[in-house]
file start.tsv (TSV, N, CA and C atoms)
chain	number	residue	atom	x	y	z
G	1	MET	N	55.48	-50.01	-91.52
G	1	MET	CA	56.27	-49.61	-90.37
G	1	MET	C	56.86	-50.86	-89.72
G	2	ILE	N	58.14	-50.80	-89.42
G	2	ILE	CA	58.83	-51.88	-88.71
G	2	ILE	C	58.88	-51.48	-87.24
G	3	SER	N	58.53	-52.40	-86.37
G	3	SER	CA	58.56	-52.08	-84.93
G	3	SER	C	59.47	-53.04	-84.20
G	4	GLY	N	59.91	-52.59	-83.03
G	4	GLY	CA	60.77	-53.42	-82.20
G	4	GLY	C	60.82	-52.89	-80.80
G	5	SER	N	61.52	-53.61	-79.93
G	5	SER	CA	61.63	-53.19	-78.54
G	5	SER	C	62.79	-53.92	-77.89
G	6	CYS	N	63.16	-53.44	-76.71
G	6	CYS	CA	64.12	-54.15	-75.89
G	6	CYS	C	63.40	-55.32	-75.20
G	7	LEU	N	64.12	-56.11	-74.46
G	7	LEU	CA	63.55	-57.28	-73.79
G	7	LEU	C	62.45	-56.91	-72.81
G	8	CYS	N	62.62	-55.83	-72.05
G	8	CYS	CA	61.63	-55.47	-71.03
G	8	CYS	C	60.54	-54.53	-71.56
G	9	GLY	N	60.71	-53.99	-72.76
G	9	GLY	CA	59.70	-53.12	-73.34
G	9	GLY	C	59.83	-51.65	-72.96
G	10	SER	N	60.85	-51.29	-72.18
G	10	SER	CA	61.03	-49.89	-71.81
G	10	SER	C	61.37	-49.01	-73.01
G	11	VAL	N	62.08	-49.59	-74.00
G	11	VAL	CA	62.45	-48.88	-75.21
G	11	VAL	C	61.72	-49.52	-76.38
G	12	ARG	N	61.02	-48.69	-77.13
G	12	ARG	CA	60.30	-49.17	-78.32
G	12	ARG	C	60.77	-48.35	-79.51
G	13	ILE	N	60.91	-49.01	-80.64
G	13	ILE	CA	61.34	-48.30	-81.84
G	13	ILE	C	60.36	-48.54	-82.98
G	14	GLN	N	60.33	-47.58	-83.87
G	14	GLN	CA	59.58	-47.71	-85.11
G	14	GLN	C	60.47	-47.21	-86.23
G	15	ILE	N	60.47	-47.94	-87.34
G	15	ILE	CA	61.27	-47.59	-88.50
G	15	ILE	C	60.34	-47.46	-89.69
G	16	GLU	N	60.41	-46.31	-90.35
G	16	GLU	CA	59.62	-46.12	-91.56
G	16	GLU	C	60.20	-46.97	-92.68
G	17	GLU	N	59.31	-47.59	-93.42
G	17	GLU	CA	59.75	-48.36	-94.58
G	17	GLU	C	59.65	-47.50	-95.82
G	18	PRO	N	60.31	-47.84	-96.88
G	18	PRO	CA	61.15	-49.02	-97.05
G	18	PRO	C	62.55	-48.79	-96.48
G	19	LEU	N	63.20	-49.87	-96.11
G	19	LEU	CA	64.59	-49.80	-95.68
G	19	LEU	C	65.46	-49.55	-96.91
G	20	GLU	N	66.49	-48.75	-96.74
G	20	GLU	CA	67.39	-48.44	-97.84
G	20	GLU	C	68.61	-49.34	-97.87
G	21	LYS	N	68.86	-50.06	-96.79
G	21	LYS	CA	70.05	-50.90	-96.66
G	21	LYS	C	69.64	-52.31	-96.26
G	22	GLU	N	70.56	-53.23	-96.48
G	22	GLU	CA	70.41	-54.62	-96.03
G	22	GLU	C	71.25	-54.80	-94.77
G	23	PRO	N	70.93	-55.79	-93.94
G	23	PRO	CA	71.69	-56.02	-92.70
G	23	PRO	C	73.14	-56.41	-92.96
G	24	GLU	N	73.97	-56.06	-91.98
G	24	GLU	CA	75.38	-56.42	-92.00
G	24	GLU	C	75.72	-57.06	-90.66
G	25	ALA	N	76.66	-57.99	-90.68
G	25	ALA	CA	77.14	-58.60	-89.45
G	25	ALA	C	78.55	-58.09	-89.18
G	26	CYS	N	78.78	-57.65	-87.96
G	26	CYS	CA	80.10	-57.19	-87.57
G	26	CYS	C	80.70	-58.16	-86.56
G	27	HIS	N	81.90	-58.63	-86.87
G	27	HIS	CA	82.57	-59.63	-86.04
G	27	HIS	C	83.75	-59.04	-85.27
G	28	CYS	N	83.81	-57.69	-85.16
G	28	CYS	CA	84.93	-57.06	-84.45
G	28	CYS	C	84.88	-57.43	-82.96
G	29	THR	N	85.99	-57.23	-82.31
G	29	THR	CA	86.09	-57.58	-80.89
G	29	THR	C	85.07	-56.82	-80.05
G	30	GLN	N	84.88	-55.52	-80.33
G	30	GLN	CA	83.93	-54.74	-79.53
G	30	GLN	C	82.51	-55.27	-79.68
G	31	CYS	N	82.07	-55.55	-80.92
G	31	CYS	CA	80.71	-56.08	-81.12
G	31	CYS	C	80.56	-57.44	-80.45
G	32	ARG	N	81.59	-58.28	-80.54
G	32	ARG	CA	81.50	-59.59	-79.91
G	32	ARG	C	81.43	-59.47	-78.39
G	33	LYS	N	82.19	-58.57	-77.82
G	33	LYS	CA	82.14	-58.39	-76.37
G	33	LYS	C	80.80	-57.82	-75.92
G	34	GLN	N	80.25	-56.89	-76.72
G	34	GLN	CA	78.98	-56.28	-76.32
G	34	GLN	C	77.82	-57.27	-76.42
G	35	THR	N	77.80	-58.08	-77.47
G	35	THR	CA	76.64	-58.94	-77.72
G	35	THR	C	76.81	-60.37	-77.22
G	36	GLY	N	78.04	-60.79	-77.00
G	36	GLY	CA	78.29	-62.18	-76.63
G	36	GLY	C	78.53	-63.06	-77.84
G	37	ASN	N	78.41	-62.51	-79.04
G	37	ASN	CA	78.70	-63.26	-80.27
G	37	ASN	C	79.12	-62.27	-81.34
G	38	PHE	N	78.26	-61.92	-82.26
G	38	PHE	CA	78.54	-60.84	-83.21
G	38	PHE	C	77.26	-60.06	-83.42
G	39	LEU	N	77.41	-58.82	-83.89
G	39	LEU	CA	76.27	-57.93	-84.04
G	39	LEU	C	75.74	-57.99	-85.46
G	40	VAL	N	74.44	-58.21	-85.59
G	40	VAL	CA	73.76	-58.09	-86.88
G	40	VAL	C	72.83	-56.90	-86.77
G	41	ALA	N	73.05	-55.91	-87.63
G	41	ALA	CA	72.28	-54.67	-87.56
G	41	ALA	C	71.97	-54.19	-88.97
G	42	VAL	N	70.97	-53.35	-89.07
G	42	VAL	CA	70.63	-52.71	-90.34
G	42	VAL	C	70.76	-51.20	-90.14
G	43	ASN	N	71.43	-50.56	-91.07
G	43	ASN	CA	71.56	-49.10	-91.01
G	43	ASN	C	70.25	-48.46	-91.44
G	44	VAL	N	69.75	-47.59	-90.57
G	44	VAL	CA	68.48	-46.91	-90.79
G	44	VAL	C	68.75	-45.41	-90.83
G	45	ARG	N	68.20	-44.73	-91.81
G	45	ARG	CA	68.34	-43.28	-91.86
G	45	ARG	C	67.72	-42.71	-90.58
G	46	ARG	N	68.44	-41.84	-89.92
G	46	ARG	CA	67.99	-41.31	-88.62
G	46	ARG	C	66.63	-40.64	-88.69
G	47	THR	N	66.30	-40.05	-89.82
G	47	THR	CA	64.99	-39.42	-89.96
G	47	THR	C	63.86	-40.44	-90.06
G	48	ALA	N	64.19	-41.71	-90.30
G	48	ALA	CA	63.19	-42.78	-90.41
G	48	ALA	C	63.06	-43.59	-89.12
G	49	LEU	N	63.82	-43.21	-88.09
G	49	LEU	CA	63.85	-43.96	-86.83
G	49	LEU	C	63.20	-43.15	-85.71
G	50	LYS	N	62.20	-43.75	-85.06
G	50	LYS	CA	61.55	-43.13	-83.91
G	50	LYS	C	61.81	-44.01	-82.69
G	51	ILE	N	62.24	-43.39	-81.61
G	51	ILE	CA	62.55	-44.12	-80.38
G	51	ILE	C	61.64	-43.61	-79.27
G	52	ASP	N	60.84	-44.50	-78.70
G	52	ASP	CA	60.03	-44.19	-77.52
G	52	ASP	C	60.72	-44.82	-76.31
G	53	GLY	N	60.69	-44.11	-75.19
G	53	GLY	CA	61.36	-44.60	-73.99
G	53	GLY	C	62.84	-44.24	-74.00
G	54	VAL	N	63.15	-43.14	-74.68
G	54	VAL	CA	64.55	-42.73	-74.84
G	54	VAL	C	65.24	-42.52	-73.49
G	55	ALA	N	64.50	-42.25	-72.44
G	55	ALA	CA	65.10	-42.08	-71.10
G	55	ALA	C	65.76	-43.37	-70.62
G	56	SER	N	65.33	-44.52	-71.16
G	56	SER	CA	65.91	-45.80	-70.78
G	56	SER	C	67.07	-46.22	-71.68
G	57	VAL	N	67.37	-45.42	-72.70
G	57	VAL	CA	68.50	-45.74	-73.57
G	57	VAL	C	69.77	-45.17	-72.95
G	58	LYS	N	70.73	-46.02	-72.72
G	58	LYS	CA	72.04	-45.62	-72.20
G	58	LYS	C	73.02	-45.70	-73.36
G	59	TRP	N	73.84	-44.66	-73.50
G	59	TRP	CA	74.83	-44.61	-74.57
G	59	TRP	C	76.23	-44.81	-74.00
G	60	TYR	N	76.98	-45.69	-74.65
G	60	TYR	CA	78.36	-45.94	-74.27
G	60	TYR	C	79.25	-45.54	-75.44
G	61	GLN	N	80.17	-44.61	-75.20
G	61	GLN	CA	81.09	-44.16	-76.24
G	61	GLN	C	82.21	-45.19	-76.36
G	62	SER	N	82.09	-46.12	-77.31
G	62	SER	CA	83.02	-47.24	-77.42
G	62	SER	C	84.29	-46.90	-78.19
G	63	SER	N	84.26	-45.81	-78.93
G	63	SER	CA	85.45	-45.33	-79.63
G	63	SER	C	85.27	-43.85	-79.91
G	64	GLU	N	86.25	-43.25	-80.52
G	64	GLU	CA	86.20	-41.81	-80.78
G	64	GLU	C	85.00	-41.43	-81.64
G	65	LYS	N	84.57	-42.33	-82.55
G	65	LYS	CA	83.54	-41.99	-83.53
G	65	LYS	C	82.25	-42.79	-83.41
G	66	VAL	N	82.13	-43.63	-82.39
G	66	VAL	CA	80.95	-44.50	-82.29
G	66	VAL	C	80.47	-44.59	-80.85
G	67	GLN	N	79.15	-44.54	-80.71
G	67	GLN	CA	78.52	-44.84	-79.43
G	67	GLN	C	77.55	-46.00	-79.63
G	68	ARG	N	77.38	-46.78	-78.59
G	68	ARG	CA	76.51	-47.95	-78.63
G	68	ARG	C	75.36	-47.74	-77.65
G	69	GLY	N	74.14	-47.98	-78.11
G	69	GLY	CA	72.97	-47.77	-77.28
G	69	GLY	C	72.38	-49.08	-76.80
G	70	PHE	N	72.01	-49.12	-75.53
G	70	PHE	CA	71.38	-50.30	-74.95
G	70	PHE	C	70.36	-49.85	-73.92
G	71	CYS	N	69.46	-50.74	-73.57
G	71	CYS	CA	68.45	-50.44	-72.57
G	71	CYS	C	69.10	-50.46	-71.19
G	72	SER	N	68.94	-49.38	-70.44
G	72	SER	CA	69.53	-49.29	-69.10
G	72	SER	C	68.77	-50.14	-68.08
G	73	ASP	N	67.58	-50.62	-68.45
G	73	ASP	CA	66.80	-51.46	-67.53
G	73	ASP	C	67.12	-52.94	-67.71
G	74	CYS	N	67.10	-53.44	-68.96
G	74	CYS	CA	67.29	-54.88	-69.18
G	74	CYS	C	68.61	-55.22	-69.88
G	75	GLY	N	69.32	-54.22	-70.40
G	75	GLY	CA	70.61	-54.45	-71.02
G	75	GLY	C	70.58	-54.84	-72.49
G	76	SER	N	69.42	-54.87	-73.10
G	76	SER	CA	69.33	-55.25	-74.51
G	76	SER	C	70.16	-54.34	-75.40
G	77	VAL	N	70.92	-54.95	-76.30
G	77	VAL	CA	71.69	-54.20	-77.30
G	77	VAL	C	70.70	-53.68	-78.33
G	78	LEU	N	70.76	-52.37	-78.62
G	78	LEU	CA	69.79	-51.76	-79.51
G	78	LEU	C	70.41	-51.04	-80.71
G	79	PHE	N	71.45	-50.23	-80.48
G	79	PHE	CA	71.94	-49.34	-81.52
G	79	PHE	C	73.46	-49.31	-81.62
G	80	TRP	N	73.93	-49.05	-82.81
G	80	TRP	CA	75.33	-48.74	-83.10
G	80	TRP	C	75.27	-47.41	-83.83
G	81	ASN	N	75.79	-46.36	-83.19
G	81	ASN	CA	75.52	-45.00	-83.65
G	81	ASN	C	76.80	-44.20	-83.86
G	82	PRO	N	77.25	-44.02	-85.11
G	82	PRO	CA	78.41	-43.17	-85.36
G	82	PRO	C	78.12	-41.72	-84.96
G	83	THR	N	79.12	-41.07	-84.40
G	83	THR	CA	78.99	-39.68	-83.98
G	83	THR	C	79.72	-38.74	-84.93
G	84	ILE	N	79.91	-39.18	-86.15
G	84	ILE	CA	80.58	-38.39	-87.18
G	84	ILE	C	79.63	-37.30	-87.67
G	85	GLU	N	80.10	-36.07	-87.68
G	85	GLU	CA	79.26	-34.95	-88.11
G	85	GLU	C	78.73	-35.19	-89.52
G	86	GLY	N	77.41	-35.04	-89.67
G	86	GLY	CA	76.78	-35.20	-90.97
G	86	GLY	C	76.39	-36.63	-91.32
G	87	TYR	N	76.82	-37.61	-90.52
G	87	TYR	CA	76.46	-39.00	-90.79
G	87	TYR	C	74.98	-39.19	-90.52
G	88	GLN	N	74.26	-39.84	-91.42
G	88	GLN	CA	72.80	-39.89	-91.37
G	88	GLN	C	72.22	-41.23	-90.95
G	89	TRP	N	73.03	-42.17	-90.51
G	89	TRP	CA	72.55	-43.54	-90.27
G	89	TRP	C	72.80	-43.98	-88.84
G	90	THR	N	71.89	-44.81	-88.31
G	90	THR	CA	72.07	-45.51	-87.03
G	90	THR	C	71.84	-46.98	-87.29
G	91	GLY	N	72.76	-47.81	-86.82
G	91	GLY	CA	72.59	-49.25	-86.92
G	91	GLY	C	71.62	-49.71	-85.85
G	92	VAL	N	70.57	-50.44	-86.27
G	92	VAL	CA	69.58	-50.98	-85.34
G	92	VAL	C	69.77	-52.49	-85.29
G	93	ALA	N	69.96	-53.02	-84.09
G	93	ALA	CA	70.17	-54.46	-83.92
G	93	ALA	C	68.94	-55.23	-84.37
G	94	LEU	N	69.14	-56.20	-85.26
G	94	LEU	CA	68.00	-56.97	-85.78
G	94	LEU	C	67.30	-57.77	-84.69
G	95	GLY	N	68.03	-58.15	-83.65
G	95	GLY	CA	67.43	-58.93	-82.58
G	95	GLY	C	66.32	-58.22	-81.83
G	96	CYS	N	66.27	-56.90	-81.91
G	96	CYS	CA	65.22	-56.16	-81.19
G	96	CYS	C	63.98	-55.93	-82.05
G	97	LEU	N	64.01	-56.33	-83.31
G	97	LEU	CA	62.86	-56.09	-84.18
G	97	LEU	C	61.78	-57.13	-83.96
G	98	ASP	N	60.54	-56.66	-83.87
G	98	ASP	CA	59.39	-57.55	-83.71
G	98	ASP	C	58.73	-57.87	-85.05
G	99	THR	N	58.85	-56.95	-85.99
G	99	THR	CA	58.25	-57.14	-87.31
G	99	THR	C	59.08	-58.15	-88.09
G	100	ASN	N	58.42	-59.15	-88.63
G	100	ASN	CA	59.09	-60.19	-89.39
G	100	ASN	C	59.44	-59.67	-90.78
G	101	HIS	N	60.68	-59.88	-91.21
G	101	HIS	CA	61.13	-59.44	-92.52
G	101	HIS	C	61.95	-60.53	-93.18
G	102	GLU	N	62.00	-60.50	-94.48
G	102	GLU	CA	62.82	-61.44	-95.25
G	102	GLU	C	64.17	-60.78	-95.53
G	103	PHE	N	64.97	-60.60	-94.50
G	103	PHE	CA	66.26	-59.96	-94.66
G	103	PHE	C	67.26	-60.90	-95.31
G	104	LYS	N	68.14	-60.33	-96.12
G	104	LYS	CA	69.30	-61.04	-96.67
G	104	LYS	C	70.53	-60.32	-96.17
G	105	MET	N	71.49	-61.06	-95.66
G	105	MET	CA	72.72	-60.47	-95.16
G	105	MET	C	73.50	-59.86	-96.32
G	106	ALA	N	73.86	-58.58	-96.20
G	106	ALA	CA	74.60	-57.90	-97.25
G	106	ALA	C	76.09	-58.23	-97.20
G	107	LYS	N	76.64	-58.28	-95.98
G	107	LYS	CA	78.06	-58.59	-95.84
G	107	LYS	C	78.42	-58.84	-94.39
G	108	HIS	N	79.60	-59.40	-94.21
G	108	HIS	CA	80.20	-59.60	-92.90
G	108	HIS	C	81.45	-58.74	-92.84
G	109	THR	N	81.60	-57.96	-91.77
G	109	THR	CA	82.79	-57.11	-91.64
G	109	THR	C	83.64	-57.56	-90.46
G	110	PHE	N	84.89	-57.17	-90.50
G	110	PHE	CA	85.89	-57.50	-89.48
G	110	PHE	C	85.99	-59.00	-89.23
G	111	VAL	N	85.93	-59.78	-90.31
G	111	VAL	CA	86.01	-61.23	-90.13
G	111	VAL	C	87.39	-61.69	-89.66
G	112	LYS	N	88.41	-60.82	-89.81
G	112	LYS	CA	89.72	-61.18	-89.27
G	112	LYS	C	89.69	-61.27	-87.74
G	113	SER	N	88.67	-60.66	-87.12
G	113	SER	CA	88.53	-60.68	-85.67
G	113	SER	C	87.49	-61.68	-85.18
G	114	LYS	N	86.87	-62.41	-86.09
G	114	LYS	CA	85.77	-63.30	-85.72
G	114	LYS	C	86.23	-64.37	-84.74
G	115	GLY	N	85.29	-64.86	-83.97
G	115	GLY	CA	85.60	-65.92	-83.02
G	115	GLY	C	85.91	-67.23	-83.74
G	116	SER	N	86.76	-68.03	-83.16
G	116	SER	CA	87.14	-69.31	-83.76
G	116	SER	C	86.07	-70.37	-83.57
G	117	TYR	N	85.06	-70.08	-82.77
G	117	TYR	CA	84.04	-71.06	-82.41
G	117	TYR	C	82.86	-71.10	-83.38
G	118	TYR	N	82.90	-70.36	-84.48
G	118	TYR	CA	81.82	-70.41	-85.46
G	118	TYR	C	82.36	-70.19	-86.87
G	119	ASP	N	81.60	-70.66	-87.84
G	119	ASP	CA	81.92	-70.47	-89.25
G	119	ASP	C	80.87	-69.56	-89.88
G	120	ILE	N	81.27	-68.85	-90.92
G	120	ILE	CA	80.35	-68.01	-91.68
G	120	ILE	C	80.07	-68.76	-92.98
G	121	THR	N	78.83	-69.21	-93.14
G	121	THR	CA	78.51	-70.08	-94.28
G	121	THR	C	77.33	-69.61	-95.12
G	122	ASP	N	76.91	-68.35	-94.95
G	122	ASP	CA	75.72	-67.90	-95.66
G	122	ASP	C	76.00	-67.40	-97.08
G	123	GLY	N	77.26	-67.35	-97.49
G	123	GLY	CA	77.59	-66.93	-98.84
G	123	GLY	C	77.69	-65.42	-99.04
G	124	ALA	N	77.39	-64.63	-98.02
G	124	ALA	CA	77.51	-63.17	-98.14
G	124	ALA	C	79.00	-62.80	-98.16
G	125	PRO	N	79.33	-61.68	-98.80
G	125	PRO	CA	80.73	-61.24	-98.85
G	125	PRO	C	81.31	-61.08	-97.44
G	126	GLN	N	82.60	-61.40	-97.33
G	126	GLN	CA	83.30	-61.28	-96.05
G	126	GLN	C	84.48	-60.34	-96.22
G	127	LEU	N	84.53	-59.29	-95.40
G	127	LEU	CA	85.60	-58.31	-95.45
G	127	LEU	C	86.47	-58.46	-94.21
G	128	ALA	N	87.79	-58.45	-94.38
G	128	ALA	CA	88.71	-58.58	-93.26
G	128	ALA	C	88.51	-57.46	-92.25
G	129	GLU	N	88.26	-56.26	-92.76
G	129	GLU	CA	87.96	-55.10	-91.91
G	129	GLU	C	86.66	-54.51	-92.41
G	130	TYR	N	86.51	-53.18	-92.37
G	130	TYR	CA	85.27	-52.58	-92.86
G	130	TYR	C	85.39	-52.16	-94.29

call {"tool": "encode", "arguments": {"input": "start.tsv", "output": "structure tokens"}}
result
Amino acid sequence: MISGSCLCGSVRIQIEEPLEKEPEACHCTQCRKQTGNFLVAVNVRRTALKIDGVASVKWYQSSEKVQRGFCSDCGSVLFWNPTIEGYQWTGVALGCLDTNHEFKMAKHTFVKSKGSYYDITDGAPQLAEY
């Protein structure tokens, strides 16, 4: 079981293993504005994700098809959640995970929007968009 929490501990998550996906980094303008840099998240099948303290999760509808979840108490970025009917995955921000894992970055998306103040040098594939 992979566990994690927000900064203040109001929201706690558990993810059943094994993970089916590898982490991805998104460099789009919205992710950069929300996180202060770029978002690194792993897509987790919704049936494998348990959220305790859901009353402290605030959802922001950032586009027609996506909502972003964060702790309403401390502001920690937690989730990237598509609202597409039948979609089975929620992106969980790696920064909130407490369980140590040997993650390998699968890819970088929206690199055409990346900030000019950093370079991507990990060798993972880079996509201009998604």

call {"tool": "atom_distance", "arguments": {"input": "start.tsv", "atom1": "atom CA of G:Ser76", "atom2": "atom C of G:Val11"}}
result
9.7 Å

call {"tool": "select_by_dssp", "arguments": {"input": "start.tsv", "residues": "stretch 57-117 of chain G", "states": "strand (DSSP E)", "output": "PyMOL selection string"}}
result
chain G and resi 57-63+66-71+77-82+89-93+107-109

call {"tool": "write_last_selection", "arguments": {"input": "start.tsv", "atoms": "N, CA and C atoms", "output": "mmCIF file, in the frame of the given file"}}
result
data_model
loop_
_atom_site.group_PDB
_atom_site.id
_atom_site.type_symbol
_atom_site.label_atom_id
_atom_site.label_comp_id
_atom_site.auth_asym_id
_atom_site.auth_seq_id
_atom_site.Cartn_x
_atom_site.Cartn_y
_atom_site.Cartn_z
ATOM 1 N N VAL G 57 67.370 -45.420 -72.700
ATOM 2 C CA VAL G 57 68.500 -45.740 -73.570
ATOM 3 C C VAL G 57 69.770 -45.170 -72.950
ATOM 4 N N LYS G 58 70.730 -46.020 -72.720
ATOM 5 C CA LYS G 58 72.040 -45.620 -72.200
ATOM 6 C C LYS G 58 73.020 -45.700 -73.360
ATOM 7 N N TRP G 59 73.840 -44.660 -73.500
ATOM 8 C CA TRP G 59 74.830 -44.610 -74.570
ATOM 9 C C TRP G 59 76.230 -44.810 -74.000
ATOM 10 N N TYR G 60 76.980 -45.690 -74.650
ATOM 11 C CA TYR G 60 78.360 -45.940 -74.270
ATOM 12 C C TYR G 60 79.250 -45.540 -75.440
ATOM 13 N N GLN G 61 80.170 -44.610 -75.200
ATOM 14 C CA GLN G 61 81.090 -44.160 -76.240
ATOM 15 C C GLN G 61 82.210 -45.190 -76.360
ATOM 16 N N SER G 62 82.090 -46.120 -77.310
ATOM 17 C CA SER G 62 83.020 -47.240 -77.420
ATOM 18 C C SER G 62 84.290 -46.900 -78.190
ATOM 19 N N SER G 63 84.260 -45.810 -78.930
ATOM 20 C CA SER G 63 85.450 -45.330 -79.630
ATOM 21 C C SER G 63 85.270 -43.850 -79.910
ATOM 22 N N VAL G 66 82.130 -43.630 -82.390
ATOM 23 C CA VAL G 66 80.950 -44.500 -82.290
ATOM 24 C C VAL G 66 80.470 -44.590 -80.850
ATOM 25 N N GLN G 67 79.150 -44.540 -80.710
ATOM 26 C CA GLN G 67 78.520 -44.840 -79.430
ATOM 27 C C GLN G 67 77.550 -46.000 -79.630
ATOM 28 N N ARG G 68 77.380 -46.780 -78.590
ATOM 29 C CA ARG G 68 76.510 -47.950 -78.630
ATOM 30 C C ARG G 68 75.360 -47.740 -77.650
ATOM 31 N N GLY G 69 74.140 -47.980 -78.110
ATOM 32 C CA GLY G 69 72.970 -47.770 -77.280
ATOM 33 C C GLY G 69 72.380 -49.080 -76.800
ATOM 34 N N PHE G 70 72.010 -49.120 -75.530
ATOM 35 C CA PHE G 70 71.380 -50.300 -74.950
ATOM 36 C C PHE G 70 70.360 -49.850 -73.920
ATOM 37 N N CYS G 71 69.460 -50.740 -73.570
ATOM 38 C CA CYS G 71 68.450 -50.440 -72.570
ATOM 39 C C CYS G 71 69.100 -50.460 -71.190
ATOM 40 N N VAL G 77 70.920 -54.950 -76.300
ATOM 41 C CA VAL G 77 71.690 -54.200 -77.300
ATOM 42 C C VAL G 77 70.700 -53.680 -78.330
ATOM 43 N N LEU G 78 70.760 -52.370 -78.620
ATOM 44 C CA LEU G 78 69.790 -51.760 -79.510
ATOM 45 C C LEU G 78 70.410 -51.040 -80.710
ATOM 46 N N PHE G 79 71.450 -50.230 -80.480
ATOM 47 C CA PHE G 79 71.940 -49.340 -81.520
ATOM 48 C C PHE G 79 73.460 -49.310 -81.620
ATOM 49 N N TRP G 80 73.930 -49.050 -82.810
ATOM 50 C CA TRP G 80 75.330 -48.740 -83.100
ATOM 51 C C TRP G 80 75.270 -47.410 -83.830
ATOM 52 N N ASN G 81 75.790 -46.360 -83.190
ATOM 53 C CA ASN G 81 75.520 -45.000 -83.650
ATOM 54 C C ASN G 81 76.800 -44.200 -83.860
ATOM 55 N N PRO G 82 77.250 -44.020 -85.110
ATOM 56 C CA PRO G 82 78.410 -43.170 -85.360
ATOM 57 C C PRO G 82 78.120 -41.720 -84.960
ATOM 58 N N TRP G 89 73.030 -42.170 -90.510
ATOM 59 C CA TRP G 89 72.550 -43.540 -90.270
ATOM 60 C C TRP G 89 72.800 -43.980 -88.840
ATOM 61 N N THR G 90 71.890 -44.810 -88.310
ATOM 62 C CA THR G 90 72.070 -45.510 -87.030
ATOM 63 C C THR G 90 71.840 -46.980 -87.290
ATOM 64 N N GLY G 91 72.760 -47.810 -86.820
ATOM 65 C CA GLY G 91 72.590 -49.250 -86.920
ATOM 66 C C GLY G 91 71.620 -49.710 -85.850
ATOM 67 N N VAL G 92 70.570 -50.440 -86.270
ATOM 68 C CA VAL G 92 69.580 -50.980 -85.340
ATOM 69 C C VAL G 92 69.770 -52.490 -85.290
ATOM 70 N N ALA G 93 69.960 -53.020 -84.090
ATOM 71 C CA ALA G 93 70.170 -54.460 -83.920
ATOM 72 C C ALA G 93 68.940 -55.230 -84.370
ATOM 73 N N LYS G 107 76.640 -58.280 -95.980
ATOM 74 C CA LYS G 107 78.060 -58.590 -95.840
ATOM 75 C C LYS G 107 78.420 -58.840 -94.390
ATOM 76 N N HIS G 108 79.600 -59.400 -94.210
ATOM 77 C CA HIS G 108 80.200 -59.600 -92.900
ATOM 78 C C HIS G 108 81.450 -58.740 -92.840
ATOM 79 N N THR G 109 81.600 -57.960 -91.770
ATOM 80 C CA THR G 109 82.790 -57.110 -91.640
ATOM 81 C C THR G 109 83.640 -57.560 -90.460
#

call {"tool": "closest_residue", "arguments": {"input": "start.tsv", "among": "G:His108, G:His27, G:Lys114, G:Arg12", "to": "G:Leu127", "atoms": "only C-alpha atoms"}}
result
G:His108

call {"tool": "select_by_dssp", "arguments": {"input": "start.tsv", "residues": "chain G", "states": "helix (DSSP H, G or I)", "output": "ChimeraX atom specification"}}
result
/G:29-35,46-48,54-56,94-96,111-113

call {"tool": "closest_residue", "arguments": {"input": "start.tsv", "among": "G:Leu39, G:Lys33, G:Val77, G:Ile13", "to": "G:Ile51", "atoms": "only N, CA and C atoms"}}
result
G:Ile13

call {"tool": "axis_aligned_box", "arguments": {"input": "start.tsv", "around": "stretch 92-104 of chain G", "padding_each_side": "5 Å", "output": "AutoDock Vina command-line options"}}
result
--center_x 64.4 --center_y -55.9 --center_z -88.9 --size_x 22.3 --size_y 21.0 --size_z 25.5

call {"tool": "residues_around", "arguments": {"input": "start.tsv", "residues": "G:Leu49", "least_positions_apart": "5", "cutoff": "8 Å", "atoms": "all atoms listed in the file", "output": "ChimeraX atom specification"}}
result
/G:13-16,44
